[in-house]
Amino acid sequence: MTALVIAEHRGGQLAASARRAVSAARRLDAAVELLVIGGEEAAAAAEAAAAVEGVERVLCCAGEAYAAQLAEPLAARVAELAEQRGYTAVLAAASSLAKDFLPRVAAALDVAMLSDVTAIEDAETFQRPLYGGSVIARLRCREPVRVMTVRGTAFPGASDGGEAPVERLEPGAAPALSRLLEERLSDSGRPELTAARVVVAGGRGLRDEAGVRELEALADQLGAAIGATRGAVDDGLLPSDAQVGLTAKVVAPELYIAVGLSGAIYHVSGMKDSRVVVAINTDEEAPIMQLADYALAADLFEALPRLRRALAAD
Ligand code: FAD
């Protein structure tokens with residue numbers, strides 16, 4: 001058995017999620033190959049990928065058609081490789097990019113897709129959450145190729161220590177069905193939400209600009225990423241790329257500080273694997289207060305300035 005992991009990368013750097021996908025692939029009892037596909041910068045990321053422990057070979061496919069990381073060309077090239085090389089599994093960390101292109105790969109190979117896998121028991125048996133994490137489904141998949149996204153937060157990141165050879169591939173299939181018109185990158189200077197060790201998340205309770213400033217000040221003081229509920233996003237308080245939850249990003253930081261958010265199941269399913277949860281809410285009965293390791297029943301407009309002063313005095 002050989003598994004192909006598709007590694008995410010940006011600016012020549014390998015994403016942390018790629019290392020987690022490698023750990024997941026190793027549980028399949030398969031030889032693991034890693035594909036770095038993209039524009040010219042893919043070569044630098046492939047060099048970094050070669051050092052990841054447990055990777056037997058790195059495939060580097062650099063081509064103009066893949067530079068924009070659009071789903072159609074990526075899916076076509078990955079499906080082509082899977083057919084040519086007979087991989088028994090094709091997987092990637094469950095990012096918005098992988099959720100876009102991997103189901104297309106499954107369709108092209110005419111196999112079922114496994115999404116959001118959180119545990120791999122053996123090469124045929126998988127677990128994934130359903131209904132916002134309230135049910136864990138155990139699935140048996142006997143497809144000739146297991147195509148799956150794995151939840152990064154459920155697998156440790158493979159460390160360095162490998163010395164895999166890098167094989168350069170010529171660009172291949174790349175249907176030009178769509179093109180990238182513009183990319184707007186938000187540069188907050190804060191850590192990336194899904195990789196951050198500390199997340200400070202805000203909900204509707206932030207109320208207005210003053211609440212958002214309080215949240216941002218705490219995040220900056222802790223070097224934390226900012227998370228949001230859908231309530232806060234819908235109210236225009238925080239950006240949609242900060243949303244955490246079932247229909248958004250899944251995080252599992254060391255510390256999750258939930259400020260002015262109720263803890264609706266849709267939100268909780270995206271953060272419940274956080275190691276330590278602190279909740280600040282005026283309502284002692286709010287669900288997040290039951291789930292939190294430390295629950296502070298207080299008005300955030302009083303609690304956050306006090307917390308920041310205490311941290312500054314430390
Ligand atoms: P609220 O539930 O209104 O909670 C606000 C909280 O702030 C309250 O607990 C209140 O006591 C507290 N508060 C108010 N003032 C203060 C103050 N001054 N100081 C301290 N605390 C205060 N939501 C997500 O977050 N992520 C998702 O991915 C997601 N997906 C969804 C998918 C579907 C299909 C549906 C139907 C909903 C989804 N939702 C999602 C929405 C979710 O159900 C909730 O509506 C949302 O999470 C609530 O946001 P909130 O906690 O900010 O707001």
# chains A, B, ... in the order shown; residues from 1 in each chain; ligands from 1
$ residues_near_ligand --ligand "ligand 1" --cutoff "9 Å" --atoms "only C-alpha atoms and all ligand atoms" --output "MDAnalysis selection string"
chainID A and resid 132 202:207 211 228:235 243:250 259:270 279:289 297:303
$ write_last_selection --atoms "N, CA and C atoms" --output "compact mmCIF listing (two decimals), in the first residue's frame"
# COMPACT_ATOMS: atom_id res chain seq x y z
N GLY A 132 -22.27 17.90 14.34
CA GLY A 132 -21.51 18.86 15.14
C GLY A 132 -20.66 18.19 16.21
N GLY A 202 -14.28 35.86 20.23
CA GLY A 202 -15.34 36.76 20.67
C GLY A 202 -16.67 36.43 20.04
N GLY A 203 -17.74 36.75 20.77
CA GLY A 203 -19.10 36.53 20.27
C GLY A 203 -19.88 37.83 20.25
N ARG A 204 -21.19 37.65 20.11
CA ARG A 204 -22.10 38.80 20.03
C ARG A 204 -22.00 39.72 21.23
N GLY A 205 -21.57 39.15 22.36
CA GLY A 205 -21.45 39.95 23.57
C GLY A 205 -20.45 41.10 23.43
N LEU A 206 -19.60 41.05 22.43
CA LEU A 206 -18.64 42.16 22.23
C LEU A 206 -19.38 43.46 21.93
N ARG A 207 -20.54 43.31 21.34
CA ARG A 207 -21.51 44.39 21.11
C ARG A 207 -21.10 45.41 20.07
N GLY A 211 -15.86 46.74 22.22
CA GLY A 211 -15.67 45.34 22.64
C GLY A 211 -14.61 44.66 21.79
N ALA A 228 -13.89 33.80 16.18
CA ALA A 228 -15.20 34.47 16.22
C ALA A 228 -16.32 33.45 16.16
N THR A 229 -17.47 33.83 16.69
CA THR A 229 -18.67 33.02 16.47
C THR A 229 -19.34 33.54 15.20
N ARG A 230 -20.27 32.73 14.73
CA ARG A 230 -21.03 33.21 13.57
C ARG A 230 -21.86 34.44 13.95
N GLY A 231 -22.29 34.48 15.22
CA GLY A 231 -23.04 35.64 15.68
C GLY A 231 -22.22 36.91 15.52
N ALA A 232 -20.95 36.85 15.95
CA ALA A 232 -20.07 38.03 15.86
C ALA A 232 -19.79 38.39 14.40
N VAL A 233 -19.70 37.37 13.55
CA VAL A 233 -19.43 37.63 12.13
C VAL A 233 -20.68 38.25 11.49
N ASP A 234 -21.84 37.67 11.79
CA ASP A 234 -23.09 38.20 11.21
C ASP A 234 -23.33 39.64 11.65
N ASP A 235 -22.91 39.97 12.86
CA ASP A 235 -23.11 41.34 13.35
C ASP A 235 -22.03 42.29 12.84
N GLN A 243 -14.05 32.88 11.83
CA GLN A 243 -15.13 32.06 12.40
C GLN A 243 -14.67 30.65 12.73
N VAL A 244 -15.07 30.22 13.92
CA VAL A 244 -14.75 28.88 14.40
C VAL A 244 -16.05 28.09 14.51
N GLY A 245 -16.04 26.85 14.09
CA GLY A 245 -17.25 26.06 14.28
C GLY A 245 -17.45 25.01 13.23
N LEU A 246 -18.62 24.43 13.29
CA LEU A 246 -18.96 23.32 12.40
C LEU A 246 -18.82 23.72 10.93
N THR A 247 -19.28 24.91 10.62
CA THR A 247 -19.26 25.32 9.22
C THR A 247 -18.08 26.26 8.95
N ALA A 248 -17.10 26.25 9.84
CA ALA A 248 -15.96 27.16 9.68
C ALA A 248 -14.68 26.43 10.09
N LYS A 249 -13.79 27.16 10.77
CA LYS A 249 -12.50 26.53 11.10
C LYS A 249 -12.60 25.69 12.38
N VAL A 250 -11.80 24.63 12.41
CA VAL A 250 -11.73 23.77 13.60
C VAL A 250 -10.38 24.04 14.26
N VAL A 259 -14.93 34.77 24.85
CA VAL A 259 -15.40 36.03 25.45
C VAL A 259 -16.76 36.43 24.86
N GLY A 260 -17.76 36.52 25.71
CA GLY A 260 -19.08 36.99 25.26
C GLY A 260 -19.68 36.13 24.18
N LEU A 261 -19.51 34.85 24.32
CA LEU A 261 -20.15 33.93 23.37
C LEU A 261 -20.86 32.83 24.16
N SER A 262 -22.00 32.36 23.62
CA SER A 262 -22.85 31.49 24.43
C SER A 262 -22.39 30.04 24.46
N GLY A 263 -21.72 29.58 23.38
CA GLY A 263 -21.31 28.17 23.34
C GLY A 263 -22.34 27.30 22.65
N ALA A 264 -22.90 27.83 21.56
CA ALA A 264 -23.86 27.03 20.76
C ALA A 264 -23.12 25.82 20.21
N ILE A 265 -23.85 24.72 20.04
CA ILE A 265 -23.24 23.46 19.60
C ILE A 265 -22.46 23.64 18.30
N TYR A 266 -22.97 24.47 17.41
CA TYR A 266 -22.28 24.70 16.13
C TYR A 266 -20.91 25.35 16.35
N HIS A 267 -20.81 26.19 17.35
CA HIS A 267 -19.52 26.82 17.65
C HIS A 267 -18.61 25.84 18.39
N VAL A 268 -19.18 25.19 19.40
CA VAL A 268 -18.40 24.29 20.26
C VAL A 268 -17.76 23.16 19.45
N SER A 269 -18.46 22.69 18.41
CA SER A 269 -17.88 21.57 17.65
C SER A 269 -16.59 21.98 16.96
N GLY A 270 -16.32 23.26 16.85
CA GLY A 270 -15.07 23.70 16.23
C GLY A 270 -13.96 24.00 17.22
N ALA A 279 -13.87 30.81 29.93
CA ALA A 279 -15.04 31.51 29.41
C ALA A 279 -15.33 32.74 30.26
N ILE A 280 -15.63 33.83 29.58
CA ILE A 280 -16.03 35.05 30.29
C ILE A 280 -17.41 35.42 29.75
N ASN A 281 -18.40 35.38 30.63
CA ASN A 281 -19.77 35.60 30.18
C ASN A 281 -20.59 36.14 31.35
N THR A 282 -21.52 37.02 31.06
CA THR A 282 -22.38 37.55 32.13
C THR A 282 -23.40 36.52 32.59
N ASP A 283 -23.67 35.55 31.71
CA ASP A 283 -24.69 34.55 32.02
C ASP A 283 -24.06 33.26 32.52
N GLU A 284 -24.22 33.02 33.81
CA GLU A 284 -23.61 31.82 34.42
C GLU A 284 -24.14 30.53 33.81
N GLU A 285 -25.34 30.61 33.24
CA GLU A 285 -25.99 29.40 32.70
C GLU A 285 -25.63 29.14 31.24
N ALA A 286 -24.86 30.03 30.65
CA ALA A 286 -24.53 29.85 29.22
C ALA A 286 -23.80 28.52 29.04
N PRO A 287 -24.10 27.77 27.97
CA PRO A 287 -23.46 26.44 27.78
C PRO A 287 -21.93 26.49 27.83
N ILE A 288 -21.32 27.55 27.34
CA ILE A 288 -19.85 27.62 27.33
C ILE A 288 -19.31 27.60 28.76
N MET A 289 -20.11 28.11 29.73
CA MET A 289 -19.66 28.16 31.12
C MET A 289 -19.61 26.74 31.72
N ALA A 297 -17.96 34.51 35.58
CA ALA A 297 -19.24 35.18 35.34
C ALA A 297 -19.02 36.68 35.54
N ALA A 298 -18.81 37.39 34.45
CA ALA A 298 -18.50 38.82 34.56
C ALA A 298 -18.79 39.52 33.25
N ASP A 299 -18.91 40.84 33.35
CA ASP A 299 -19.08 41.66 32.15
C ASP A 299 -17.71 41.81 31.49
N LEU A 300 -17.65 41.48 30.21
CA LEU A 300 -16.34 41.50 29.53
C LEU A 300 -15.71 42.89 29.53
N PHE A 301 -16.55 43.92 29.58
CA PHE A 301 -16.01 45.28 29.54
C PHE A 301 -15.29 45.64 30.85
N GLU A 302 -15.59 44.88 31.89
CA GLU A 302 -14.82 45.06 33.14
C GLU A 302 -13.72 44.01 33.24
N ALA A 303 -14.06 42.78 32.85
CA ALA A 303 -13.11 41.66 33.06
C ALA A 303 -11.88 41.78 32.17
$ select_by_dssp --residues "region 94-269 of chain A" --states "strand (DSSP E or B)" --output "NGL selection string"
:A and (113-117 or 119-120 or 125-130 or 135-140 or 146-150 or 160 or 166-169 or 198-202 or 225-228 or 243-244 or 249 or 255-259)
$ write_last_selection --atoms "N, CA and C atoms" --output "compact mmCIF listing (two decimals), in the first residue's frame"
# COMPACT_ATOMS: atom_id res chain seq x y z
N MET A 113 -15.97 9.43 -0.90
CA MET A 113 -15.07 10.37 -0.22
C MET A 113 -15.26 10.24 1.29
N LEU A 114 -14.17 10.23 2.05
CA LEU A 114 -14.25 10.25 3.51
C LEU A 114 -13.83 11.64 3.96
N SER A 115 -14.71 12.34 4.65
CA SER A 115 -14.38 13.72 5.03
C SER A 115 -14.15 13.84 6.53
N ASP A 116 -13.22 14.72 6.90
CA ASP A 116 -13.04 15.08 8.31
C ASP A 116 -12.73 13.89 9.21
N VAL A 117 -11.88 13.00 8.75
CA VAL A 117 -11.55 11.81 9.53
C VAL A 117 -10.78 12.23 10.79
N ALA A 119 -9.99 9.72 13.32
CA ALA A 119 -9.21 8.58 13.82
C ALA A 119 -9.13 7.52 12.72
N ILE A 120 -7.95 6.91 12.64
CA ILE A 120 -7.74 5.83 11.67
C ILE A 120 -7.40 4.59 12.48
N THR A 125 -10.77 1.12 8.51
CA THR A 125 -11.72 1.58 9.54
C THR A 125 -11.37 3.00 10.01
N PHE A 126 -12.37 3.86 9.93
CA PHE A 126 -12.14 5.29 10.19
C PHE A 126 -13.23 5.84 11.10
N GLN A 127 -12.90 6.94 11.76
CA GLN A 127 -13.92 7.63 12.55
C GLN A 127 -14.03 9.06 12.07
N ARG A 128 -15.27 9.57 12.12
CA ARG A 128 -15.48 10.98 11.79
C ARG A 128 -16.68 11.51 12.56
N PRO A 129 -16.66 12.79 12.93
CA PRO A 129 -17.78 13.32 13.71
C PRO A 129 -19.00 13.62 12.83
N LEU A 130 -20.17 13.46 13.44
CA LEU A 130 -21.42 13.82 12.77
C LEU A 130 -22.20 14.73 13.70
N VAL A 135 -22.06 12.95 17.59
CA VAL A 135 -22.02 11.52 17.26
C VAL A 135 -20.71 11.26 16.54
N ILE A 136 -20.04 10.16 16.91
CA ILE A 136 -18.84 9.77 16.16
C ILE A 136 -19.20 8.56 15.32
N ALA A 137 -19.07 8.69 14.03
CA ALA A 137 -19.39 7.57 13.13
C ALA A 137 -18.13 6.74 12.92
N ARG A 138 -18.31 5.42 12.97
CA ARG A 138 -17.22 4.49 12.65
C ARG A 138 -17.53 3.93 11.28
N LEU A 139 -16.61 4.08 10.35
CA LEU A 139 -16.90 3.72 8.97
C LEU A 139 -15.93 2.68 8.48
N ARG A 140 -16.44 1.76 7.66
CA ARG A 140 -15.53 0.84 7.00
C ARG A 140 -15.51 1.22 5.52
N ARG A 146 -8.66 5.06 -0.98
CA ARG A 146 -9.33 5.81 0.08
C ARG A 146 -8.98 7.28 -0.11
N VAL A 147 -9.95 8.06 -0.47
CA VAL A 147 -9.71 9.50 -0.64
C VAL A 147 -10.30 10.19 0.58
N MET A 148 -9.48 10.90 1.32
CA MET A 148 -10.02 11.47 2.57
C MET A 148 -9.34 12.78 2.99
N THR A 149 -10.15 13.60 3.66
CA THR A 149 -9.56 14.72 4.39
C THR A 149 -9.48 14.30 5.85
N VAL A 150 -8.40 14.68 6.51
CA VAL A 150 -8.24 14.34 7.93
C VAL A 150 -8.22 15.63 8.74
N ASP A 160 10.70 16.64 12.02
CA ASP A 160 11.77 16.48 11.04
C ASP A 160 12.62 15.27 11.42
N VAL A 166 13.61 13.71 -3.60
CA VAL A 166 12.59 14.57 -4.23
C VAL A 166 12.56 14.23 -5.72
N GLU A 167 11.38 13.82 -6.19
CA GLU A 167 11.23 13.50 -7.60
C GLU A 167 10.46 14.64 -8.28
N ARG A 168 11.06 15.21 -9.29
CA ARG A 168 10.37 16.31 -10.01
C ARG A 168 9.43 15.73 -11.05
N LEU A 169 8.22 16.23 -11.08
CA LEU A 169 7.25 15.77 -12.07
C LEU A 169 6.96 16.88 -13.06
N VAL A 198 -2.64 29.90 21.27
CA VAL A 198 -3.67 30.57 22.08
C VAL A 198 -4.67 31.24 21.12
N VAL A 199 -5.95 31.04 21.40
CA VAL A 199 -6.99 31.69 20.60
C VAL A 199 -7.88 32.48 21.56
N VAL A 200 -8.11 33.74 21.22
CA VAL A 200 -9.04 34.56 21.98
C VAL A 200 -10.24 34.77 21.06
N ALA A 201 -11.39 34.21 21.45
CA ALA A 201 -12.54 34.24 20.55
C ALA A 201 -13.65 35.12 21.12
N GLY A 202 -14.28 35.86 20.23
CA GLY A 202 -15.34 36.76 20.67
C GLY A 202 -16.67 36.43 20.04
N ALA A 225 -4.22 34.25 18.34
CA ALA A 225 -5.05 34.47 17.15
C ALA A 225 -6.45 34.85 17.62
N ILE A 226 -7.20 35.52 16.74
CA ILE A 226 -8.57 35.89 17.09
C ILE A 226 -9.55 34.94 16.42
N GLY A 227 -10.48 34.42 17.22
CA GLY A 227 -11.55 33.58 16.69
C GLY A 227 -12.87 34.30 16.85
N ALA A 228 -13.89 33.80 16.18
CA ALA A 228 -15.20 34.47 16.22
C ALA A 228 -16.32 33.45 16.16
N GLN A 243 -14.05 32.88 11.83
CA GLN A 243 -15.13 32.06 12.40
C GLN A 243 -14.67 30.65 12.73
N VAL A 244 -15.07 30.22 13.92
CA VAL A 244 -14.75 28.88 14.40
C VAL A 244 -16.05 28.09 14.51
N LYS A 249 -13.79 27.16 10.77
CA LYS A 249 -12.50 26.53 11.10
C LYS A 249 -12.60 25.69 12.38
N LEU A 255 -4.80 26.97 24.68
CA LEU A 255 -5.69 27.82 25.49
C LEU A 255 -6.70 28.53 24.58
N TYR A 256 -7.98 28.39 24.93
CA TYR A 256 -9.06 29.03 24.16
C TYR A 256 -9.82 29.93 25.12
N ILE A 257 -9.75 31.23 24.89
CA ILE A 257 -10.47 32.16 25.78
C ILE A 257 -11.72 32.62 25.05
N ALA A 258 -12.89 32.20 25.56
CA ALA A 258 -14.17 32.48 24.92
C ALA A 258 -14.81 33.69 25.60
N VAL A 259 -14.93 34.77 24.85
CA VAL A 259 -15.40 36.03 25.45
C VAL A 259 -16.76 36.43 24.86
$ residues_around --residues "Glu182 (chain A)" --least-positions-apart "3" --cutoff "12 Å" --atoms "only C-alpha atoms" --output "list in words"
Ala68, Arg179 and Leu185 of chain A
$ write_last_selection --atoms "N, CA, C and O atoms" --output "short mmCIF file (atom, residue, chain, number, x, y, z; two decimals), in the first residue's frame"
data_model
loop_
_atom_site.label_atom_id
_atom_site.label_comp_id
_atom_site.auth_asym_id
_atom_site.auth_seq_id
_atom_site.Cartn_x
_atom_site.Cartn_y
_atom_site.Cartn_z
N ALA A 68 -2.07 29.15 -8.86
CA ALA A 68 -3.17 29.81 -8.13
C ALA A 68 -3.88 28.85 -7.18
O ALA A 68 -4.78 29.25 -6.45
N ARG A 179 -10.21 30.86 -13.36
CA ARG A 179 -8.92 31.54 -13.14
C ARG A 179 -9.05 32.50 -11.97
O ARG A 179 -10.15 32.97 -11.66
N LEU A 185 -5.06 39.21 0.86
CA LEU A 185 -4.58 38.55 2.07
C LEU A 185 -4.76 39.49 3.25
O LEU A 185 -4.41 40.67 3.18
#
$ atom_distance --atom1 "CA of Asp220 (chain A)" --atom2 "CA of Arg308 (chain A)"
10.2 Å
$ residues_around --residues "Val22 (chain A)" --least-positions-apart "6" --cutoff "8 Å" --atoms "only C-alpha atoms" --output "list of chain:residue names"
A:Val5, A:Val32, A:Leu34, A:Gly54, A:Val55, A:Gly157, A:Ala158
$ select_by_dssp --residues "region 208-283 of chain A" --states "alpha helix (DSSP H)" --output "list in words"
Glu209, Ala210, Gly211, Val212, Arg213, Glu214, Leu215, Glu216, Ala217, Leu218, Ala219, Asp220, Gln221, Leu222, Arg230, Gly231, Ala232, Val233, Asp234, Ile265, Tyr266, His267 and Val268 of chain A
$ closest_residue --among "A:Ala164, A:Ala112, A:Ala123, A:Leu222" --to "Ala48 (chain A)" --atoms "only C-alpha atoms"
A:Ala164
$ closest_residue --among "A:Ala217, A:Leu35, A:Val212, A:Val78" --to "Gly236 (chain A)" --atoms "only C-alpha atoms"
A:Val212
$ closest_residue --among "A:Leu81, A:Ala92, A:Val277, A:Val58" --to "Glu8 (chain A)" --atoms "only C-alpha atoms"
A:Ala92
$ residues_around --residues "Ala43 (chain A)" --least-positions-apart "2" --cutoff "12 Å" --atoms "only C-alpha atoms" --output "PyMOL selection string"
chain A and resi 9-14+35-41+45-50+58-63+67+166-169
$ residues_around --residues "Gly161 (chain A)" --least-positions-apart "6" --cutoff "8 Å" --atoms "only C-alpha atoms" --output "number ranges by chain"
A: 51-53
$ write_last_selection --atoms "N, CA, C and O atoms" --output "short mmCIF file (atom, residue, chain, number, x, y, z; two decimals), in the first residue's frame"
data_model
loop_
_atom_site.label_atom_id
_atom_site.label_comp_id
_atom_site.auth_asym_id
_atom_site.auth_seq_id
_atom_site.Cartn_x
_atom_site.Cartn_y
_atom_site.Cartn_z
N ALA A 51 12.40 16.57 4.53
CA ALA A 51 12.93 16.34 5.88
C ALA A 51 11.89 15.81 6.85
O ALA A 51 12.21 15.51 8.00
N VAL A 52 10.64 15.71 6.42
CA VAL A 52 9.59 15.26 7.34
C VAL A 52 9.73 13.75 7.58
O VAL A 52 9.81 12.96 6.63
N GLU A 53 9.74 13.40 8.85
CA GLU A 53 9.94 12.00 9.22
C GLU A 53 8.78 11.12 8.71
O GLU A 53 7.61 11.52 8.78
#
$ closest_residue --among "A:Lys272, A:Glu254, A:Ala173, A:Ala219" --to "Leu307 (chain A)" --atoms "only C-alpha atoms"
A:Ala219
